[in-house]
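Student: Next comes the structure file coords.pdb, holding PDB, C-alpha atoms.
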```
MODEL        1
ATOM      1  CA  MET A   1      22.959 -35.215 -43.474  1.00  0.00           C
ATOM      2  CA  ALA A   2      24.097 -31.756 -44.443  1.00  0.00           C
ATOM      3  CA  ARG A   3      22.565 -28.942 -42.476  1.00  0.00           C
ATOM      4  CA  ALA A   4      19.944 -27.238 -44.603  1.00  0.00           C
ATOM      5  CA  ARG A   5      19.497 -23.494 -44.915  1.00  0.00           C
ATOM      6  CA  HIS A   6      16.012 -22.120 -44.631  1.00  0.00           C
ATOM      7  CA  GLY A   7      14.028 -19.079 -43.667  1.00  0.00           C
ATOM      8  CA  LEU A   8      13.789 -19.646 -39.911  1.00  0.00           C
ATOM      9  CA  GLY A   9      13.472 -16.379 -38.063  1.00  0.00           C
ATOM     10  CA  PRO A  10      15.679 -15.355 -35.120  1.00  0.00           C
ATOM     11  CA  ARG A  11      12.876 -16.101 -32.662  1.00  0.00           C
ATOM     12  CA  ILE A  12      13.689 -19.824 -32.758  1.00  0.00           C
ATOM     13  CA  PHE A  13      17.290 -19.268 -31.709  1.00  0.00           C
ATOM     14  CA  ALA A  14      16.761 -16.412 -29.247  1.00  0.00           C
ATOM     15  CA  ALA A  15      16.981 -18.662 -26.187  1.00  0.00           C
ATOM     16  CA  THR A  16      18.933 -21.661 -27.412  1.00  0.00           C
ATOM     17  CA  THR A  17      21.549 -22.838 -29.836  1.00  0.00           C
ATOM     18  CA  THR A  18      21.013 -25.791 -32.181  1.00  0.00           C
ATOM     19  CA  PRO A  19      20.260 -28.887 -30.071  1.00  0.00           C
ATOM     20  CA  SER A  20      22.766 -31.667 -29.702  1.00  0.00           C
ATOM     21  CA  VAL A  21      21.874 -35.192 -28.665  1.00  0.00           C
ATOM     22  CA  ALA A  22      23.435 -37.469 -26.077  1.00  0.00           C
ATOM     23  CA  SER A  23      21.695 -40.644 -24.966  1.00  0.00           C
ATOM     24  CA  GLY A  24      18.325 -39.310 -26.106  1.00  0.00           C
ATOM     25  CA  THR A  25      18.632 -36.060 -24.122  1.00  0.00           C
ATOM     26  CA  HIS A  26      18.806 -32.680 -25.864  1.00  0.00           C
ATOM     27  CA  TYR A  27      21.272 -30.166 -24.445  1.00  0.00           C
ATOM     28  CA  TYR A  28      21.084 -26.383 -24.865  1.00  0.00           C
ATOM     29  CA  ARG A  29      23.264 -23.422 -24.013  1.00  0.00           C
ATOM     30  CA  ARG A  30      21.588 -20.112 -23.422  1.00  0.00           C
ATOM     31  CA  LYS A  31      22.567 -17.268 -25.733  1.00  0.00           C
ATOM     32  CA  ASN A  32      24.350 -15.470 -22.880  1.00  0.00           C
ATOM     33  CA  GLY A  33      26.571 -18.506 -22.282  1.00  0.00           C
ATOM     34  CA  ASP A  34      24.933 -19.705 -19.055  1.00  0.00           C
ATOM     35  CA  ALA A  35      25.133 -23.332 -17.976  1.00  0.00           C
ATOM     36  CA  MET A  36      23.692 -26.066 -20.153  1.00  0.00           C
ATOM     37  CA  THR A  37      20.158 -27.293 -19.584  1.00  0.00           C
ATOM     38  CA  ALA A  38      18.775 -30.672 -20.606  1.00  0.00           C
ATOM     39  CA  LYS A  39      15.349 -31.767 -21.719  1.00  0.00           C
ATOM     40  CA  GLU A  40      13.921 -35.041 -22.890  1.00  0.00           C
ATOM     41  CA  PRO A  41      12.393 -34.879 -26.399  1.00  0.00           C
ATOM     42  CA  ALA A  42       8.853 -35.260 -25.047  1.00  0.00           C
ATOM     43  CA  ALA A  43       9.273 -32.003 -23.100  1.00  0.00           C
ATOM     44  CA  LEU A  44      10.313 -29.941 -26.126  1.00  0.00           C
ATOM     45  CA  ALA A  45       8.093 -27.741 -28.280  1.00  0.00           C
ATOM     46  CA  ASP A  46       7.386 -28.801 -31.845  1.00  0.00           C
ATOM     47  CA  GLU A  47       9.445 -25.968 -33.302  1.00  0.00           C
ATOM     48  CA  VAL A  48      12.553 -26.997 -31.339  1.00  0.00           C
ATOM     49  CA  LEU A  49      12.202 -30.581 -32.554  1.00  0.00           C
ATOM     50  CA  VAL A  50      11.763 -29.357 -36.137  1.00  0.00           C
ATOM     51  CA  VAL A  51      14.989 -27.332 -35.966  1.00  0.00           C
ATOM     52  CA  ALA A  52      16.835 -30.303 -34.477  1.00  0.00           C
ATOM     53  CA  ALA A  53      15.470 -32.637 -37.172  1.00  0.00           C
ATOM     54  CA  ILE A  54      16.600 -30.233 -39.915  1.00  0.00           C
ATOM     55  CA  ALA A  55      20.048 -30.331 -38.324  1.00  0.00           C
ATOM     56  CA  GLY A  56      20.044 -34.112 -38.762  1.00  0.00           C
ATOM     57  CA  ASP A  57      18.650 -35.413 -35.457  1.00  0.00           C
ATOM     58  CA  LEU A  58      16.389 -38.323 -36.347  1.00  0.00           C
ATOM     59  CA  GLY A  59      15.494 -38.778 -32.676  1.00  0.00           C
ATOM     60  CA  SER A  60      13.747 -35.407 -32.721  1.00  0.00           C
ATOM     61  CA  PHE A  61      11.857 -36.336 -35.864  1.00  0.00           C
ATOM     62  CA  ASP A  62      10.850 -39.637 -34.260  1.00  0.00           C
ATOM     63  CA  GLU A  63       9.304 -37.656 -31.401  1.00  0.00           C
ATOM     64  CA  LEU A  64       7.323 -35.584 -33.921  1.00  0.00           C
ATOM     65  CA  VAL A  65       6.111 -38.825 -35.512  1.00  0.00           C
ATOM     66  CA  ARG A  66       5.088 -40.162 -32.095  1.00  0.00           C
ATOM     67  CA  ARG A  67       3.096 -36.991 -31.384  1.00  0.00           C
ATOM     68  CA  TYR A  68       1.210 -36.781 -34.658  1.00  0.00           C
ATOM     69  CA  ARG A  69       0.981 -40.320 -36.035  1.00  0.00           C
ATOM     70  CA  PRO A  70      -2.351 -41.122 -34.306  1.00  0.00           C
ATOM     71  CA  ALA A  71      -3.930 -37.991 -35.785  1.00  0.00           C
ATOM     72  CA  VAL A  72      -2.533 -38.711 -39.252  1.00  0.00           C
ATOM     73  CA  ILE A  73      -3.731 -42.324 -39.115  1.00  0.00           C
ATOM     74  CA  ARG A  74      -7.175 -41.172 -38.066  1.00  0.00           C
ATOM     75  CA  GLN A  75      -7.210 -38.654 -40.938  1.00  0.00           C
ATOM     76  CA  LEU A  76      -6.115 -41.262 -43.483  1.00  0.00           C
ATOM     77  CA  VAL A  77      -8.490 -44.003 -42.349  1.00  0.00           C
ATOM     78  CA  GLY A  78     -11.279 -41.719 -43.462  1.00  0.00           C
ATOM     79  CA  ALA A  79      -9.516 -40.817 -46.720  1.00  0.00           C
ATOM     80  CA  VAL A  80      -8.087 -44.135 -47.979  1.00  0.00           C
ATOM     81  CA  GLY A  81      -9.503 -46.791 -45.646  1.00  0.00           C
ATOM     82  CA  PRO A  82      -7.893 -48.715 -42.767  1.00  0.00           C
ATOM     83  CA  GLU A  83      -6.046 -51.165 -45.042  1.00  0.00           C
ATOM     84  CA  MET A  84      -3.952 -48.427 -46.666  1.00  0.00           C
ATOM     85  CA  ALA A  85      -3.801 -45.835 -43.891  1.00  0.00           C
ATOM     86  CA  GLN A  86      -0.563 -47.004 -42.253  1.00  0.00           C
ATOM     87  CA  ASP A  87       1.322 -47.205 -45.540  1.00  0.00           C
ATOM     88  CA  VAL A  88       0.148 -43.754 -46.645  1.00  0.00           C
ATOM     89  CA  ALA A  89       1.050 -42.382 -43.197  1.00  0.00           C
ATOM     90  CA  GLN A  90       4.609 -43.649 -43.636  1.00  0.00           C
ATOM     91  CA  GLU A  91       4.766 -41.977 -47.025  1.00  0.00           C
ATOM     92  CA  ALA A  92       3.492 -38.706 -45.549  1.00  0.00           C
ATOM     93  CA  PHE A  93       6.067 -38.665 -42.750  1.00  0.00           C
ATOM     94  CA  VAL A  94       8.933 -39.508 -45.103  1.00  0.00           C
ATOM     95  CA  GLN A  95       7.870 -36.701 -47.425  1.00  0.00           C
ATOM     96  CA  ALA A  96       7.593 -34.356 -44.446  1.00  0.00           C
ATOM     97  CA  PHE A  97      11.137 -35.196 -43.361  1.00  0.00           C
ATOM     98  CA  ARG A  98      12.460 -34.443 -46.846  1.00  0.00           C
ATOM     99  CA  ALA A  99      10.573 -31.139 -46.960  1.00  0.00           C
ATOM    100  CA  LEU A 100      11.417 -29.913 -43.439  1.00  0.00           C
ATOM    101  CA  PRO A 101      13.959 -27.315 -44.672  1.00  0.00           C
ATOM    102  CA  GLN A 102      11.122 -25.676 -46.617  1.00  0.00           C
ATOM    103  CA  LEU A 103       8.998 -25.219 -43.483  1.00  0.00           C
ATOM    104  CA  THR A 104       9.444 -21.538 -42.631  1.00  0.00           C
ATOM    105  CA  ALA A 105       7.125 -21.644 -39.594  1.00  0.00           C
ATOM    106  CA  PRO A 106       8.235 -24.628 -37.452  1.00  0.00           C
ATOM    107  CA  GLU A 107       5.506 -23.967 -34.896  1.00  0.00           C
ATOM    108  CA  ALA A 108       2.978 -24.820 -37.641  1.00  0.00           C
ATOM    109  CA  PHE A 109       4.385 -28.334 -38.168  1.00  0.00           C
ATOM    110  CA  GLY A 110       1.126 -30.086 -37.241  1.00  0.00           C
ATOM    111  CA  SER A 111      -1.141 -28.349 -39.764  1.00  0.00           C
ATOM    112  CA  TRP A 112       1.619 -28.497 -42.406  1.00  0.00           C
ATOM    113  CA  LEU A 113       1.887 -32.270 -41.879  1.00  0.00           C
ATOM    114  CA  ARG A 114      -1.880 -32.590 -42.190  1.00  0.00           C
ATOM    115  CA  ARG A 115      -1.737 -31.012 -45.662  1.00  0.00           C
ATOM    116  CA  ILE A 116       1.069 -33.343 -46.734  1.00  0.00           C
ATOM    117  CA  ALA A 117      -0.967 -36.366 -45.581  1.00  0.00           C
ATOM    118  CA  ALA A 118      -3.984 -35.106 -47.543  1.00  0.00           C
ATOM    119  CA  ARG A 119      -1.889 -34.807 -50.713  1.00  0.00           C
ATOM    120  CA  CYS A 120      -0.461 -38.303 -50.214  1.00  0.00           C
ATOM    121  CA  ALA A 121      -3.993 -39.668 -49.805  1.00  0.00           C
ATOM    122  CA  GLY A 122      -5.075 -37.899 -52.987  1.00  0.00           C
ATOM    123  CA  ARG A 123      -2.252 -39.493 -54.953  1.00  0.00           C
ATOM    124  CA  ARG A 124      -2.665 -42.910 -53.367  1.00  0.00           C
ATOM    125  CA  GLY A 125      -4.700 -44.497 -56.126  1.00  0.00           C
ATOM    126  CA  LYS A 126      -2.211 -43.638 -58.876  1.00  0.00           C
ATOM    127  CA  ASN A 127       0.812 -45.864 -58.433  1.00  0.00           C
ATOM    128  CA  ARG A 128       2.062 -47.355 -55.182  1.00  0.00           C
ATOM    129  CA  THR A 129       4.763 -49.419 -56.938  1.00  0.00           C
ATOM    130  CA  ARG A 130       6.339 -46.358 -58.502  1.00  0.00           C
ATOM    131  CA  ARG A 131       6.583 -44.627 -55.121  1.00  0.00           C
ATOM    132  CA  ARG A 132       8.455 -47.581 -53.663  1.00  0.00           C
ATOM    133  CA  GLN A 133      10.913 -47.568 -56.556  1.00  0.00           C
ATOM    134  CA  VAL A 134      11.925 -43.924 -56.104  1.00  0.00           C
ATOM    135  CA  GLU A 135      12.603 -44.105 -52.363  1.00  0.00           C
ATOM    136  CA  SER A 136      16.069 -42.737 -51.620  1.00  0.00           C
ATOM    137  CA  PRO A 137      18.619 -44.248 -49.216  1.00  0.00           C
ATOM    138  CA  LEU A 138      17.732 -41.419 -46.818  1.00  0.00           C
ATOM    139  CA  ASP A 139      14.086 -42.509 -46.875  1.00  0.00           C
ATOM    140  CA  GLU A 140      15.145 -46.017 -45.930  1.00  0.00           C
ATOM    141  CA  VAL A 141      17.202 -44.637 -43.035  1.00  0.00           C
ATOM    142  CA  VAL A 142      14.236 -42.626 -41.771  1.00  0.00           C
ATOM    143  CA  LEU A 143      11.925 -45.655 -41.935  1.00  0.00           C
ATOM    144  CA  ALA A 144      14.480 -47.881 -40.199  1.00  0.00           C
ATOM    145  CA  THR A 145      15.431 -45.355 -37.510  1.00  0.00           C
ATOM    146  CA  CYS A 146      12.117 -43.800 -36.488  1.00  0.00           C
ATOM    147  CA  ARG A 147      10.513 -46.457 -34.319  1.00  0.00           C
ATOM    148  CA  SER A 148       7.294 -44.481 -34.102  1.00  0.00           C
ATOM    149  CA  LEU A 149       6.694 -45.166 -37.808  1.00  0.00           C
ATOM    150  CA  ALA A 150       6.230 -48.869 -37.084  1.00  0.00           C
ATOM    151  CA  PRO A 151       2.630 -50.124 -37.272  1.00  0.00           C
ATOM    152  CA  GLY A 152       0.812 -49.317 -34.065  1.00  0.00           C
ATOM    153  CA  PRO A 153      -2.343 -50.393 -32.245  1.00  0.00           C
ATOM    154  CA  GLU A 154      -4.423 -47.285 -32.956  1.00  0.00           C
ATOM    155  CA  GLU A 155      -6.601 -48.785 -35.668  1.00  0.00           C
ATOM    156  CA  SER A 156      -7.356 -52.018 -33.802  1.00  0.00           C
ATOM    157  CA  VAL A 157      -8.324 -50.010 -30.712  1.00  0.00           C
ATOM    158  CA  LEU A 158     -10.673 -47.829 -32.758  1.00  0.00           C
ATOM    159  CA  ASP A 159     -12.149 -50.842 -34.538  1.00  0.00           C
ATOM    160  CA  GLU A 160     -12.782 -52.639 -31.235  1.00  0.00           C
ATOM    161  CA  MET A 161     -14.413 -49.577 -29.690  1.00  0.00           C
ATOM    162  CA  ASP A 162     -16.545 -49.165 -32.786  1.00  0.00           C
ATOM    163  CA  ARG A 163     -17.672 -52.814 -32.582  1.00  0.00           C
ATOM    164  CA  GLN A 164     -18.640 -52.286 -28.945  1.00  0.00           C
ATOM    165  CA  GLY A 165     -20.618 -49.175 -29.832  1.00  0.00           C
ATOM    166  CA  ALA A 166     -18.372 -46.898 -27.761  1.00  0.00           C
ATOM    167  CA  LEU A 167     -17.765 -44.569 -30.712  1.00  0.00           C
ATOM    168  CA  GLY A 168     -21.196 -44.800 -32.262  1.00  0.00           C
ATOM    169  CA  ALA A 169     -22.456 -41.476 -30.951  1.00  0.00           C
ATOM    170  CA  ALA A 170     -19.226 -39.607 -31.698  1.00  0.00           C
ATOM    171  CA  ARG A 171     -19.128 -40.967 -35.244  1.00  0.00           C
ATOM    172  CA  SER A 172     -22.558 -39.511 -35.878  1.00  0.00           C
ATOM    173  CA  LEU A 173     -21.067 -36.030 -35.526  1.00  0.00           C
ATOM    174  CA  ALA A 174     -20.079 -33.974 -38.539  1.00  0.00           C
ATOM    175  CA  GLU A 175     -16.463 -32.990 -39.095  1.00  0.00           C
ATOM    176  CA  PRO A 176     -14.536 -31.294 -37.572  1.00  0.00           C
ATOM    177  CA  TYR A 177     -16.394 -32.106 -34.334  1.00  0.00           C
ATOM    178  CA  ARG A 178     -15.995 -35.846 -34.759  1.00  0.00           C
ATOM    179  CA  GLU A 179     -12.255 -35.545 -35.347  1.00  0.00           C
ATOM    180  CA  THR A 180     -11.822 -33.269 -32.343  1.00  0.00           C
ATOM    181  CA  VAL A 181     -13.710 -35.631 -30.023  1.00  0.00           C
ATOM    182  CA  GLU A 182     -11.820 -38.716 -31.235  1.00  0.00           C
ATOM    183  CA  LEU A 183      -8.393 -37.062 -30.971  1.00  0.00           C
ATOM    184  CA  ARG A 184      -9.118 -35.808 -27.463  1.00  0.00           C
ATOM    185  CA  PHE A 185     -11.000 -38.694 -25.879  1.00  0.00           C
ATOM    186  CA  VAL A 186      -9.810 -41.715 -27.893  1.00  0.00           C
ATOM    187  CA  GLN A 187      -6.239 -40.797 -28.836  1.00  0.00           C
ATOM    188  CA  ASP A 188      -5.783 -38.707 -25.649  1.00  0.00           C
ATOM    189  CA  MET A 189      -4.002 -35.933 -27.546  1.00  0.00           C
ATOM    190  CA  PRO A 190      -3.271 -32.715 -25.620  1.00  0.00           C
ATOM    191  CA  LEU A 191      -5.381 -29.731 -26.588  1.00  0.00           C
ATOM    192  CA  ARG A 192      -2.374 -27.791 -27.884  1.00  0.00           C
ATOM    193  CA  ARG A 193      -1.423 -30.648 -30.227  1.00  0.00           C
ATOM    194  CA  ILE A 194      -4.957 -30.963 -31.570  1.00  0.00           C
ATOM    195  CA  ALA A 195      -4.858 -27.206 -32.163  1.00  0.00           C
ATOM    196  CA  ALA A 196      -1.559 -27.505 -34.021  1.00  0.00           C
ATOM    197  CA  PHE A 197      -2.850 -30.356 -36.191  1.00  0.00           C
ATOM    198  CA  GLN A 198      -6.119 -28.611 -37.013  1.00  0.00           C
ATOM    199  CA  GLY A 199      -4.468 -25.229 -37.527  1.00  0.00           C
ATOM    200  CA  ILE A 200      -6.625 -23.419 -34.967  1.00  0.00           C
ATOM    201  CA  SER A 201      -6.180 -21.992 -31.465  1.00  0.00           C
ATOM    202  CA  VAL A 202      -6.484 -23.981 -28.250  1.00  0.00           C
ATOM    203  CA  GLU A 203      -9.619 -21.952 -27.495  1.00  0.00           C
ATOM    204  CA  GLY A 204     -10.979 -23.059 -30.870  1.00  0.00           C
ATOM    205  CA  VAL A 205     -10.429 -26.696 -29.905  1.00  0.00           C
ATOM    206  CA  LYS A 206     -12.201 -26.154 -26.581  1.00  0.00           C
ATOM    207  CA  TRP A 207     -15.136 -24.554 -28.378  1.00  0.00           C
ATOM    208  CA  ARG A 208     -15.408 -27.511 -30.775  1.00  0.00           C
ATOM    209  CA  LEU A 209     -15.377 -29.948 -27.847  1.00  0.00           C
ATOM    210  CA  ARG A 210     -18.065 -28.002 -25.994  1.00  0.00           C
ATOM    211  CA  ARG A 211     -20.194 -27.806 -29.122  1.00  0.00           C
ATOM    212  CA  ALA A 212     -19.710 -31.529 -29.878  1.00  0.00           C
ATOM    213  CA  LEU A 213     -20.638 -32.575 -26.353  1.00  0.00           C
ATOM    214  CA  ALA A 214     -23.692 -30.309 -26.446  1.00  0.00           C
ATOM    215  CA  MET A 215     -24.822 -31.935 -29.705  1.00  0.00           C
ATOM    216  CA  LEU A 216     -24.327 -35.399 -28.212  1.00  0.00           C
ATOM    217  CA  ARG A 217     -26.399 -34.455 -25.154  1.00  0.00           C
ATOM    218  CA  GLU A 218     -29.137 -33.084 -27.404  1.00  0.00           C
ATOM    219  CA  ARG A 219     -29.209 -36.285 -29.443  1.00  0.00           C
ATOM    220  CA  ARG A 220     -29.247 -38.427 -26.330  1.00  0.00           C
ATOM    221  CA  GLY A 221     -32.185 -36.404 -25.041  1.00  0.00           C
ATOM    222  CA  GLU A 222     -34.058 -36.908 -28.304  1.00  0.00           C
ATOM    223  CA  THR A 223     -33.389 -40.647 -28.114  1.00  0.00           C
ATOM    224  CA  ASP A 224     -34.603 -40.836 -24.502  1.00  0.00           C
ATOM    225  CA  GLU A 225     -37.819 -39.041 -25.415  1.00  0.00           C
ATOM    226  CA  GLN A 226     -38.504 -41.549 -28.172  1.00  0.00           C
TER     227      GLN A 226
ENDMDL
END
```
As structure tokens, how would this structure be written, given the file I've shared?
Tutor:
Amino acid sequence: MARARHGLGPRIFAATTTPSVASGTHYYRRKNGDAMTAKEPAALADEVLVVAAIAGDLGSFDELVRRYRPAVIRQLVGAVGPEMAQDVAQEAFVQAFRALPQLTAPEAFGSWLRRIAARCAGRRGKNRTRRRQVESPLDEVVLATCRSLAPGPEESVLDEMDRQGALGAARSLAEPYRETVELRFVQDMPLRRIAAFQGISVEGVKWRLRRALAMLRERRGETDEQ
């Protein structure tokens, strides 16, 4: 894939050059020419993975999918239902890959992806067949290469917990508290990734968790009194 030009600022490249990939490891050379360093994709910041994906590294994009797919699925289950959520999630990630060169703030990938998923959900009822017909060969490569786009166990886990009543209290919370609790304690997402997906600070995520847990304690107290 040709390398796309975009409005990335110099801050992204201040410490590293464009990543290269060898056996799943990303290698960097410091700007001053010092020795190469190596990092596994899971250790890299979102913005580094975005730059690498724009340069044509599907492995970096697969890592972004792995990080944010549970949150997108959770978002879409509420928007389009569990039967359609996985398919719409695939559509959202494919569209995100196509649009990556337009992302001028790579560190905001999570909240940007959330908006793409919301638009895909809004269009979902119009014409699924037409969307399948206009998929490009590149889309097919992305779907075939990114293993993290394959159907996963998230929905069945949530459904089973819901049947057992484990999520009953959390699902009584209003958004965004419910989402924050489920992403943190069910999907086990790091605070910084929840913050990126919700478009708020890590401190904002912590505040939502504290507030949600306080509301749950209050409700439990009311129930005990009854």
Student: Using all atoms listed in the file, which residue out of A:Ala121, A:Ala52, A:Ala99, A:Leu58 lies closest to A:Met84?
Tutor: A:Ala121
Student: Can you give me, as a CSV table (one decimal) with C-alpha atoms, in the coordinates of the input, the residues this file yields under the PyMOL selection byres ((chain A and resi 75) around 10)?
Tutor:
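Listing of result-v4.csv after writing:
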```csv
chain,number,residue,atom,x,y,z
A,69,ARG,CA,1.0,-40.3,-36.0
A,70,PRO,CA,-2.4,-41.1,-34.3
A,71,ALA,CA,-3.9,-38.0,-35.8
A,72,VAL,CA,-2.5,-38.7,-39.3
A,73,ILE,CA,-3.7,-42.3,-39.1
A,74,ARG,CA,-7.2,-41.2,-38.1
A,76,LEU,CA,-6.1,-41.3,-43.5
A,77,VAL,CA,-8.5,-44.0,-42.3
A,78,GLY,CA,-11.3,-41.7,-43.5
A,79,ALA,CA,-9.5,-40.8,-46.7
A,80,VAL,CA,-8.1,-44.1,-48.0
A,81,GLY,CA,-9.5,-46.8,-45.6
A,85,ALA,CA,-3.8,-45.8,-43.9
A,89,ALA,CA,1.0,-42.4,-43.2
A,114,ARG,CA,-1.9,-32.6,-42.2
A,117,ALA,CA,-1.0,-36.4,-45.6
A,118,ALA,CA,-4.0,-35.1,-47.5
A,121,ALA,CA,-4.0,-39.7,-49.8
A,179,GLU,CA,-12.3,-35.5,-35.3
```
Student: So how many Å separate atom CA of A:Gly204 and atom CA of A:Ala42, to one decimal?
Tutor: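 So the two atoms, atom CA of A:Gly204 and atom CA of A:Ala42, lie 24.0 Å apart.
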Student: Between atom CA of A:Ala144 and atom CA of A:Arg119, what distance in Å does the model show, to one decimal?
Tutor: 23.4 Å
Student: Any chance you could work out the residue set of the PyMOL selection byres ((chain A and resi 49) around 9) here, as a short mmCIF file (atom, residue, chain, number, x, y, z; two decimals) with C-alpha atoms, keeping the file's coordinate frame?
Tutor:
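Final file, out-v7.cif:
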```
data_model
loop_
_atom_site.label_atom_id
_atom_site.label_comp_id
_atom_site.auth_asym_id
_atom_site.auth_seq_id
_atom_site.Cartn_x
_atom_site.Cartn_y
_atom_site.Cartn_z
CA PRO A 19 20.26 -28.89 -30.07
CA PRO A 41 12.39 -34.88 -26.40
CA LEU A 44 10.31 -29.94 -26.13
CA ALA A 45 8.09 -27.74 -28.28
CA ASP A 46 7.39 -28.80 -31.84
CA GLU A 47 9.44 -25.97 -33.30
CA VAL A 48 12.55 -27.00 -31.34
CA VAL A 50 11.76 -29.36 -36.14
CA VAL A 51 14.99 -27.33 -35.97
CA ALA A 52 16.84 -30.30 -34.48
CA ALA A 53 15.47 -32.64 -37.17
CA ILE A 54 16.60 -30.23 -39.92
CA ASP A 57 18.65 -35.41 -35.46
CA GLY A 59 15.49 -38.78 -32.68
CA SER A 60 13.75 -35.41 -32.72
CA PHE A 61 11.86 -36.34 -35.86
CA GLU A 63 9.30 -37.66 -31.40
CA LEU A 64 7.32 -35.58 -33.92
CA PRO A 106 8.24 -24.63 -37.45
#
```
Student: Which of these residues is nearest to A:Ser111, using all atoms listed in the file: A:Leu143, A:Ala214, A:Val186, A:Ala96?
Tutor: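 With all atoms listed in the file as the atom set, the closest residue is A:Ala96.
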